[in-house]
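Asks: Compact mmCIF, C-alpha atoms (C1' of nucleotides), file start-v7.txt:
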```txt
# COMPACT_ATOMS: atom_id res chain seq x y z
CA MET V 206 1.40 12.20 -18.02
CA GLU V 207 -1.62 10.45 -16.55
CA ASN V 208 -3.51 11.13 -13.38
CA ILE V 209 -1.80 14.22 -12.13
CA THR V 210 -5.15 15.71 -11.21
CA GLU V 211 -4.65 15.71 -7.48
CA MET V 212 -1.24 17.26 -7.77
CA LEU V 213 -2.65 20.09 -9.87
CA LYS V 214 -4.93 21.22 -7.09
CA GLY V 215 -3.99 24.67 -5.98
CA VAL V 216 -1.52 24.88 -8.84
CA LEU V 217 -3.78 25.39 -11.83
CA GLU V 218 -5.20 28.63 -10.49
CA GLY V 219 -1.68 30.01 -10.26
CA CYS V 220 -0.98 28.89 -13.81
CA VAL V 221 -4.06 30.70 -15.02
CA LEU V 222 -3.03 33.85 -13.17
CA GLU V 223 0.40 33.62 -14.76
CA ILE V 224 -1.05 33.14 -18.24
CA ILE V 225 -3.40 36.08 -17.84
CA SER V 226 -0.53 38.22 -16.61
CA ARG V 227 1.11 37.87 -20.03
CA GLY V 228 -1.63 39.89 -21.64
CA GLU V 229 -5.39 39.84 -21.99
CA THR V 230 -6.80 36.44 -22.86
CA TYR V 231 -9.99 34.41 -22.56
CA GLY V 232 -11.09 31.06 -21.16
CA TYR V 233 -10.81 28.95 -24.25
CA GLU V 234 -7.37 30.27 -25.10
CA ILE V 235 -6.17 29.69 -21.55
CA THR V 236 -7.23 26.06 -21.84
CA GLN V 237 -5.23 25.70 -25.06
CA GLN V 238 -2.19 27.27 -23.41
CA LEU V 239 -2.34 24.88 -20.47
CA ARG V 240 -2.64 21.91 -22.80
CA LYS V 241 0.22 23.17 -24.90
CA LEU V 242 2.31 23.51 -21.76
CA GLY V 243 1.82 19.81 -21.05
CA PHE V 244 -1.26 19.67 -18.88
CA THR V 245 -3.05 17.92 -21.71
CA ASP V 246 -6.04 16.71 -19.75
CA VAL V 247 -7.19 20.10 -18.51
CA VAL V 248 -10.69 20.74 -19.80
CA GLU V 249 -12.67 23.90 -20.44
CA GLY V 250 -14.92 23.33 -17.46
CA THR V 251 -11.97 23.39 -15.11
CA VAL V 252 -10.63 26.64 -16.51
CA TYR V 253 -14.10 28.08 -16.40
CA THR V 254 -14.46 27.42 -12.69
CA ILE V 255 -11.06 28.97 -12.12
CA THR V 256 -11.84 32.15 -14.04
CA MET V 257 -15.17 32.36 -12.22
CA ARG V 258 -13.26 32.10 -8.95
CA LEU V 259 -10.86 34.83 -10.03
CA GLU V 260 -13.85 37.02 -10.89
CA LYS V 261 -15.46 36.38 -7.55
CA LYS V 262 -12.23 37.18 -5.74
CA ASN V 263 -11.89 40.37 -7.77
CA LEU V 264 -8.47 39.54 -9.12
CA VAL V 265 -9.29 40.24 -12.78
CA ASN V 266 -10.80 42.86 -15.02
CA ILE V 267 -13.23 41.62 -17.63
CA GLU V 268 -14.08 42.86 -21.09
CA LYS V 269 -16.47 41.13 -23.44
CA LYS V 270 -15.60 41.35 -27.12
CA PRO V 271 -17.06 39.80 -30.26
CA SER V 272 -15.08 37.16 -32.09
CA THR V 273 -14.93 36.54 -35.81
CA MET V 274 -14.48 32.83 -35.21
CA GLY V 275 -17.37 32.05 -32.88
CA PRO V 276 -19.33 33.39 -29.94
CA PRO V 277 -18.14 36.47 -28.02
CA ARG V 278 -15.13 36.13 -25.74
CA LYS V 279 -14.65 37.24 -22.17
CA PHE V 280 -11.20 38.75 -22.01
CA TYR V 281 -9.40 38.83 -18.69
CA THR V 282 -6.59 41.00 -17.44
CA LEU V 283 -5.00 40.98 -14.00
CA ASN V 284 -5.73 43.91 -11.76
CA GLU V 285 -3.41 44.95 -8.96
CA ALA V 286 -4.86 42.43 -6.50
CA GLY V 287 -4.40 39.74 -9.13
CA GLN V 288 -0.75 40.60 -9.59
CA GLU V 289 -0.26 40.49 -5.84
CA GLN V 290 -1.97 37.10 -5.73
CA LEU V 291 0.29 35.85 -8.53
CA LYS V 292 3.33 36.92 -6.57
CA ILE V 293 2.06 35.10 -3.49
CA PHE V 294 1.37 32.04 -5.60
CA TRP V 295 4.95 31.84 -6.85
CA GLU V 296 6.25 32.30 -3.33
CA LYS V 297 4.15 29.37 -2.17
CA TRP V 298 5.28 27.32 -5.12
CA GLU V 299 8.93 28.08 -4.41
CA PHE V 300 8.44 27.13 -0.79
CA ILE V 301 6.87 23.77 -1.51
CA SER V 302 9.19 23.12 -4.41
CA SER V 303 12.28 23.69 -2.29
CA LYS V 304 10.95 21.53 0.53
CA MET V 305 10.20 18.73 -1.89
CA ASN V 306 13.70 18.89 -3.30
CA GLU V 307 15.07 18.84 0.21
CA LEU V 308 13.02 15.76 1.00
CA LYS V 309 14.08 14.05 -2.19
CA LYS V 310 17.75 14.61 -1.55
CA MET V 311 17.57 13.73 2.14
CA LYS V 312 19.45 10.67 3.26
CA PRO V 313 17.89 7.81 5.23
CA LYS V 314 17.66 8.17 8.99
CA GLY V 315 21.01 6.93 10.20
CA GLU V 316 23.25 8.00 7.37
CA ALA V 317 25.51 10.99 7.57
CA ILE V 318 25.05 13.86 5.18
CA MET J 129 4.24 29.57 5.15
CA GLU J 130 0.48 30.06 5.48
CA ASN J 131 -2.34 28.46 3.60
CA ILE J 132 -0.52 26.06 1.36
CA THR J 133 -3.15 23.43 2.06
CA GLU J 134 -4.54 23.25 -1.43
CA MET J 135 -1.12 23.04 -2.96
CA LEU J 136 -0.27 20.09 -0.73
CA LYS J 137 -3.02 17.96 -2.19
CA GLY J 138 -1.58 14.97 -3.93
CA VAL J 139 1.84 15.92 -2.60
CA LEU J 140 1.59 14.95 1.04
CA GLU J 141 0.89 11.32 0.28
CA GLY J 142 4.11 11.19 -1.73
CA CYS J 143 5.99 12.79 1.13
CA VAL J 144 4.68 10.16 3.51
CA LEU J 145 5.70 7.39 1.11
CA GLU J 146 9.16 8.90 0.90
CA ILE J 147 9.48 9.18 4.67
CA ILE J 148 8.37 5.59 5.19
CA SER J 149 10.83 4.44 2.54
CA ARG J 150 13.68 5.64 4.78
CA GLY J 151 12.91 2.98 7.31
CA GLU J 152 10.01 1.79 9.42
CA THR J 153 8.13 4.56 11.16
CA TYR J 154 4.71 5.35 12.59
CA GLY J 155 2.00 7.99 12.21
CA TYR J 156 2.98 10.33 14.97
CA GLU J 157 6.62 10.34 13.96
CA ILE J 158 5.72 10.97 10.32
CA THR J 159 3.77 14.03 11.42
CA GLN J 160 6.81 15.33 13.31
CA GLN J 161 9.03 14.74 10.27
CA LEU J 162 6.70 16.67 7.98
CA ARG J 163 6.57 19.56 10.42
CA LYS J 164 10.32 19.53 10.77
CA LEU J 165 10.61 19.62 7.01
CA GLY J 166 8.65 22.87 6.95
CA PHE J 167 5.06 21.77 6.55
CA THR J 168 4.39 23.06 10.03
CA ASP J 169 0.61 23.01 9.87
CA VAL J 170 0.21 19.33 9.04
CA VAL J 171 -1.84 17.70 11.75
CA GLU J 172 -2.06 14.13 12.98
CA GLY J 173 -5.48 13.62 11.49
CA THR J 174 -4.16 14.35 8.05
CA VAL J 175 -1.31 11.89 8.35
CA TYR J 176 -3.70 9.35 9.75
CA THR J 177 -5.98 9.55 6.71
CA ILE J 178 -2.95 9.17 4.47
CA THR J 179 -1.61 6.10 6.24
CA MET J 180 -5.10 4.62 6.20
CA ARG J 181 -5.20 5.23 2.47
CA LEU J 182 -1.83 3.57 2.02
CA GLU J 183 -3.09 0.58 3.99
CA LYS J 184 -6.22 0.34 1.91
CA LYS J 185 -4.19 0.52 -1.30
CA ASN J 186 -1.86 -2.18 0.02
CA LEU J 187 1.28 -0.11 -0.33
CA VAL J 188 2.59 -0.74 3.19
CA ASN J 189 3.33 -3.50 5.63
CA ILE J 190 2.17 -2.93 9.19
CA GLU J 191 3.56 -4.08 12.50
CA LYS J 192 2.17 -3.07 15.86
CA LYS J 193 4.70 -2.64 18.63
CA PRO J 194 4.50 -1.42 22.21
CA SER J 195 6.08 1.89 23.11
CA THR J 196 7.79 2.85 26.35
CA MET J 197 6.58 6.42 25.94
CA GLY J 198 2.83 5.96 25.40
CA PRO J 199 0.31 3.81 23.60
CA PRO J 200 1.41 1.15 21.09
CA ARG J 201 2.63 2.28 17.69
CA LYS J 202 1.71 1.08 14.24
CA PHE J 203 4.93 0.82 12.31
CA TYR J 204 4.85 1.06 8.54
CA THR J 205 7.26 -0.13 5.90
CA LEU J 206 6.90 0.12 2.14
CA ASN J 207 6.22 -3.06 0.26
CA GLU J 208 7.12 -3.49 -3.38
CA ALA J 209 3.93 -1.86 -4.62
CA GLY J 210 4.65 1.05 -2.29
CA GLN J 211 8.10 1.52 -3.72
CA GLU J 212 6.70 1.46 -7.22
CA GLN J 213 4.12 4.05 -6.19
CA LEU J 214 6.85 6.22 -4.71
CA LYS J 215 8.76 6.07 -7.97
CA ILE J 216 5.65 7.08 -9.90
CA PHE J 217 5.06 9.91 -7.45
CA TRP J 218 8.49 11.40 -8.05
CA GLU J 219 8.04 11.10 -11.79
CA LYS J 220 4.79 13.03 -11.55
CA TRP J 221 6.41 15.60 -9.33
CA GLU J 222 9.30 16.06 -11.75
CA PHE J 223 6.85 16.45 -14.60
CA ILE J 224 4.77 19.14 -12.93
CA SER J 225 7.81 20.80 -11.44
CA SER J 226 9.49 21.14 -14.83
CA LYS J 227 6.32 22.44 -16.45
CA MET J 228 5.91 25.03 -13.74
CA ASN J 229 9.46 26.22 -14.19
CA GLU J 230 8.88 26.41 -17.91
CA LEU J 231 5.78 28.51 -17.33
CA LYS J 232 7.57 30.76 -14.90
CA LYS J 233 10.44 31.45 -17.26
CA MET J 234 8.23 31.87 -20.32
CA LYS J 235 8.18 35.26 -21.93
CA PRO J 236 4.99 37.21 -22.65
CA LYS J 237 3.14 36.43 -25.86
CA GLY J 238 4.85 38.64 -28.43
CA GLU J 239 8.39 38.58 -27.14
CA ALA J 240 11.11 36.49 -28.68
CA ILE J 241 12.80 33.81 -26.65
C1' DC A 1 -4.95 11.23 40.84
C1' DT A 2 -4.36 14.77 37.91
C1' DT A 3 -1.78 16.65 34.21
C1' DG A 4 1.08 16.28 30.02
C1' DT A 5 2.78 13.79 26.20
C1' DT A 6 2.32 10.22 23.04
C1' DA A 7 -0.53 7.93 19.62
C1' DC A 8 -4.25 6.15 16.97
C1' DA A 9 -9.09 7.01 15.37
C1' DT A 10 -13.53 9.20 13.45
C1' DC A 11 -16.74 12.78 11.58
C1' DA A 12 -18.09 16.71 9.15
C1' DT A 13 -16.52 20.49 6.34
C1' DT A 14 -14.15 22.77 2.64
C1' DA A 15 -11.82 23.17 -1.73
C1' DG A 16 -10.41 21.98 -6.35
C1' DT A 17 -10.64 19.25 -10.50
C1' DC A 18 -13.13 16.32 -13.67
C1' DT A 19 -17.06 14.20 -16.33
C1' DA A 20 -20.81 15.07 -18.77
C1' DT A 21 -23.77 17.92 -20.86
C1' DG A 22 -25.96 22.11 -22.71
C1' DT A 23 -26.20 26.31 -25.40
C1' DA A 24 -24.96 29.29 -28.97
C1' DA A 25 -22.19 31.94 -32.40
C1' DA A 26 -19.65 31.91 -36.66
C1' DC A 27 -17.74 29.43 -40.45
C1' DC A 28 -17.56 25.90 -44.28
C1' DT A 29 -19.48 22.54 -47.30
C1' DT A 30 -22.93 20.60 -50.01
C1' DA Z 235 -30.41 26.93 -46.32
C1' DA Z 236 -29.38 22.75 -43.98
C1' DG Z 237 -26.02 20.35 -41.56
C1' DG Z 238 -21.42 19.74 -39.57
C1' DT Z 239 -17.23 21.67 -37.30
C1' DT Z 240 -14.84 24.70 -34.41
C1' DT Z 241 -15.03 28.13 -31.08
C1' DA Z 242 -16.62 29.60 -26.51
C1' DC Z 243 -19.00 30.17 -22.25
C1' DA Z 244 -21.90 27.82 -18.68
C1' DT Z 245 -23.67 24.44 -15.08
C1' DA Z 246 -24.59 20.18 -12.23
C1' DG Z 247 -22.92 16.28 -9.92
C1' DA Z 248 -19.24 13.18 -8.48
C1' DC Z 249 -14.82 12.31 -6.56
C1' DT Z 250 -10.64 13.00 -3.93
C1' DA Z 251 -7.70 15.09 -0.46
C1' DA Z 252 -6.60 17.88 3.51
C1' DT Z 253 -8.32 19.97 7.70
C1' DG Z 254 -10.67 21.12 12.23
C1' DA Z 255 -12.66 19.33 15.99
C1' DT Z 256 -13.05 15.85 18.94
C1' DG Z 257 -12.52 11.31 21.21
C1' DT Z 258 -10.02 7.49 23.32
C1' DA Z 259 -6.31 5.41 25.58
C1' DA Z 260 -1.45 4.32 27.27
C1' DC Z 261 2.20 5.80 30.07
C1' DA Z 262 5.21 9.03 32.97
C1' DA Z 263 5.91 12.65 36.29
C1' DG Z 264 4.58 15.35 40.04
```
Before we go any further, please render this structure as structure tokens.

Replies:
Amino acid sequence: MENITEMLKGVLEGCVLEIISRGETYGYEITQQLRKLGFTDVVEGTVYTITMRLEKKNLVNIEKKPSTMGPPRKFYTLNEAGQEQLKIFWEKWEFISSKMNELKKMKPKGEAI
Amino acid sequence: MENITEMLKGVLEGCVLEIISRGETYGYEITQQLRKLGFTDVVEGTVYTITMRLEKKNLVNIEKKPSTMGPPRKFYTLNEAGQEQLKIFWEKWEFISSKMNELKKMKPKGEAI
DNA sequence: CTTGTTACATCATTAGTCTATGTAAACCTT
DNA sequence: AAGGTTTACATAGACTAATGATGTAACAAG
């Protein structure tokens, strides 16, 4: 799917929270997961800015560990605030999602339902 | 619902396209429709920038008509390009929507499906 | 004639993603 | 050991979209 960038705004961060909530993971792996999910154009830089934001907002715990396959990794896990934020994210998503479905199903002005 | 601004990016324009597709309408009325739908914090300025964008992208036809209740209104209708754009919008929405549901239902790393 | 509603318009700010690029660690091949 | 590939984190600058604040103007009601 091309050019979904704008529609991903405000959504990607939630996706990253969700992915981290599954168990400790690091930036590069998160990027792979997002691509595997279907968001094929997401790049490392984008995920990096998101994880930085999560750090700054104190939603994650961080642990640096060496890797056998390259440079050391920064592993993230959700803390309690992060889990709360994830919950809020899904509530927002459900809200918008339901409204969009409502709009899509709505009939033109004059017509009866 | 508070603070869904970021999540509305790339979505609102599609909503406006959809609303216009129901029949000719104008900026102020579109704002009311969006608020009625549930996006209560959408302001006129936002809708204005969207309709301006639609004009610039040549997705709408415009007709100025006097109003009995205030200043003249700029009525919009979708042209063919606009309808095509609307179709593409819903395809994008369906794509992201399905991926998000997939993500939400996904089990943690180790678990079987 | 002042106030309220309708309605379009503009500017500056904020936020999020992307492009492009850099740096460096570990591995494999020659 | 020199060079290439993959892994992995990091940063700067550009672009787009929504918002807040504000302005302008038409019309109705009192």

Asks: Would you mind reading off the distance between atom CA of J:Asp169 and atom CA of J:Thr153, one decimal, in Å?

Replies: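 Here the two named atoms are 20.0 Å from each other.
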
Asks: Find, counting all atoms listed in the file, the residue in J:Ile158, J:Leu214, J:Met129, J:Cys143 that gets nearest to chain A.

Replies: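 Of the candidates, the smallest distance to chain A is held by J:Ile158.
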
Asks: Kindly provide, as an MDAnalysis selection string, the residues of chain A having any atom no farther than 12 Å from an atom of chain J, counting all atoms listed in the file.

Replies: chainID A and resid 4:11 14:17

Asks: Can you tell me how far atom CA of J:Glu222 sits from atom CA of V:Phe300, in Å to one decimal?

Replies: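 Atom-to-atom, atom CA of J:Glu222 to atom CA of V:Phe300, that is 15.6 Å.
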
Asks: How far is it from atom CA of J:Val175 to atom C1' of Z:DA248, in Å with one decimal?

Replies: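 Atom-to-atom, atom CA of J:Val175 and atom C1' of Z:DA248 are spaced 24.6 Å apart.
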
Asks: Dump as JSON lines the rows for residues of chain J within 9 Å of chain V: closest atom pair and distance in Å with one decimal, all atoms listed in the file counted, ordered by chain and rising residue number.

Replies:
```
{"residue": "J:Met129", "atom": "CA", "partner": "V:Lys297", "partner_atom": "CA", "distance": 7.3}
{"residue": "J:Glu130", "atom": "CA", "partner": "V:Lys297", "partner_atom": "CA", "distance": 8.5}
{"residue": "J:Asn131", "atom": "CA", "partner": "V:Lys297", "partner_atom": "CA", "distance": 8.7}
{"residue": "J:Ile132", "atom": "CA", "partner": "V:Lys297", "partner_atom": "CA", "distance": 6.7}
{"residue": "J:Thr133", "atom": "CA", "partner": "V:Gly215", "partner_atom": "CA", "distance": 8.2}
{"residue": "J:Glu134", "atom": "CA", "partner": "V:Gly215", "partner_atom": "CA", "distance": 4.8}
{"residue": "J:Met135", "atom": "CA", "partner": "V:Gly215", "partner_atom": "CA", "distance": 4.5}
{"residue": "J:Leu136", "atom": "CA", "partner": "V:Met212", "partner_atom": "CA", "distance": 7.6}
{"residue": "J:Lys137", "atom": "CA", "partner": "V:Met212", "partner_atom": "CA", "distance": 5.9}
{"residue": "J:Gly138", "atom": "CA", "partner": "V:Met212", "partner_atom": "CA", "distance": 4.5}
{"residue": "J:Val139", "atom": "CA", "partner": "V:Met212", "partner_atom": "CA", "distance": 6.2}
{"residue": "J:Cys143", "atom": "CA", "partner": "V:Leu308", "partner_atom": "CA", "distance": 7.6}
{"residue": "J:Glu146", "atom": "CA", "partner": "V:Lys309", "partner_atom": "CA", "distance": 7.8}
{"residue": "J:Ile147", "atom": "CA", "partner": "V:Leu308", "partner_atom": "CA", "distance": 8.3}
{"residue": "J:Ser149", "atom": "CA", "partner": "V:Pro313", "partner_atom": "CA", "distance": 8.3}
{"residue": "J:Arg150", "atom": "CA", "partner": "V:Pro313", "partner_atom": "CA", "distance": 4.8}
{"residue": "J:Gly151", "atom": "CA", "partner": "V:Lys314", "partner_atom": "CA", "distance": 7.2}
{"residue": "J:Leu165", "atom": "CA", "partner": "V:Lys304", "partner_atom": "CA", "distance": 6.8}
{"residue": "J:Gly166", "atom": "CA", "partner": "V:Lys304", "partner_atom": "CA", "distance": 6.9}
{"residue": "J:Phe167", "atom": "CA", "partner": "V:Lys304", "partner_atom": "CA", "distance": 8.4}
{"residue": "J:Trp218", "atom": "CA", "partner": "V:Lys309", "partner_atom": "CA", "distance": 8.5}
{"residue": "J:Lys220", "atom": "CA", "partner": "V:Ile209", "partner_atom": "CA", "distance": 6.7}
{"residue": "J:Trp221", "atom": "CA", "partner": "V:Met212", "partner_atom": "CA", "distance": 8.0}
{"residue": "J:Phe223", "atom": "CA", "partner": "V:Met206", "partner_atom": "CA", "distance": 7.7}
{"residue": "J:Ile224", "atom": "CA", "partner": "V:Leu213", "partner_atom": "CA", "distance": 8.1}
{"residue": "J:Ser225", "atom": "CA", "partner": "V:Ser302", "partner_atom": "CA", "distance": 7.5}
{"residue": "J:Lys227", "atom": "CA", "partner": "V:Leu242", "partner_atom": "CA", "distance": 6.7}
{"residue": "J:Met228", "atom": "CA", "partner": "V:Cys220", "partner_atom": "CA", "distance": 7.9}
{"residue": "J:Glu230", "atom": "CA", "partner": "V:Leu242", "partner_atom": "CA", "distance": 8.1}
{"residue": "J:Leu231", "atom": "CA", "partner": "V:Leu242", "partner_atom": "CA", "distance": 7.5}
{"residue": "J:Lys232", "atom": "CA", "partner": "V:Glu223", "partner_atom": "CA", "distance": 7.7}
{"residue": "J:Lys235", "atom": "CA", "partner": "V:Arg227", "partner_atom": "CA", "distance": 7.8}
{"residue": "J:Pro236", "atom": "CA", "partner": "V:Arg227", "partner_atom": "CA", "distance": 4.7}
{"residue": "J:Lys237", "atom": "CA", "partner": "V:Arg227", "partner_atom": "CA", "distance": 6.3}
```

Asks: Based on all atoms listed in the file, which of the residues in chain Z come within 9 Å of chain V? I want them as a list in words.

Replies: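 The complete set of qualifying residues is DT240, DT241, DA242, DC243, DA244, DT250 and DA251 of chain Z.
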
Asks: Between V:Lys310, V:Glu289, V:Thr251, V:Asn266, which has the minimum distance to A:DT19 (counting all atoms listed in the file)?

Replies: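 Between V:Lys310, V:Glu289, V:Thr251, V:Asn266, the residue approaching A:DT19 most closely is V:Thr251.
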